[in-house]
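Here the structure comes first, spelled out in structure tokens, and everything after it is commentary.
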Amino acid sequence: MQTEIHLRQMQPIDSMAFTRLVQDSPDTGQMGVSAQYQLDAYQVISLRYNDTIGVVASTDEFDGLVGAGLVSFDKCNFEGSLLDYALLHSLIVHPDYRRRGIAAELTQWRLRSALEKLEV
């Protein structure tokens, strides 16, 4: 039976669960990398990326977050025109929940949010 995944916008209350997700889900490439938050993770994200929306994934069978991702918005100068853009980043899925389509769901959520905000 497939586990039901719940997606919602990240909120300040998610800070500790997000920090735990990051710690439990290091990059598993040739060199393992994991962020270490010394301050409240939600506040750090809000300060680091001015206009950012986060999405978190949870399930009833796991105490915490099983995934998360961010999308940041800004402007860039492209061929003399100032254009709005969205940057999808910081996609994380807990190792115990990988290969279940959660990353795809988080990506779709962020794409919909970006298109809606950019009015594309």
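The way I read the labels, and the way they are meant: chains A, B, ... in the order of the structure tokens, residue 1 as the first residue of every chain, and ligand 1 as the first ligand shown, with later ones counted on from there.
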
So which residues of chain A fall under helix (DSSP H, G or I) by DSSP, listed as a PyMOL selection string?
-> chain A and resi 12-24+41-48+95-97+102-118

Residues at most 12 Å from region 85-91 of chain A, counting only C-alpha atoms, excluding those fewer than 3 positions away in the same chain, as JSON, numbers by chain?
-> {"A": [18, 21, 22, 25, 26, 27, 34, 35, 45, 49, 51, 52, 53, 54, 55, 56, 57, 66, 67, 68, 69, 70, 71, 72, 73, 74, 75, 76, 77, 78, 82, 94, 98, 102, 103, 104, 105, 106, 107, 108, 109, 110, 111, 112, 113, 114, 115, 116, 117, 118, 119, 120]}

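Counting only C-alpha atoms and comparing A:Thr59, A:Arg48, A:Ser81, A:Gln23, the residue that lies closest to Gln36 (chain A) is A:Gln23.
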
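What separates CA of Ala17 (chain A) from CA of Gly64 (chain A) is a distance of 5.5 Å.
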
At what distance in Å, to one decimal, does CA of Asn50 (chain A) lie from CA of Leu65 (chain A)?
-> 23.3 Å

Select, from A:Leu47, A:Asp24, A:Ser58, A:Ala41, the residue with the minimum atom-to-atom distance to Pro95 (chain A), counting only C-alpha atoms.
-> A:Asp24

Do you have the CA of Arg99 (chain A)-CA of Val44 (chain A) distance handy?
-> 29.0 Å
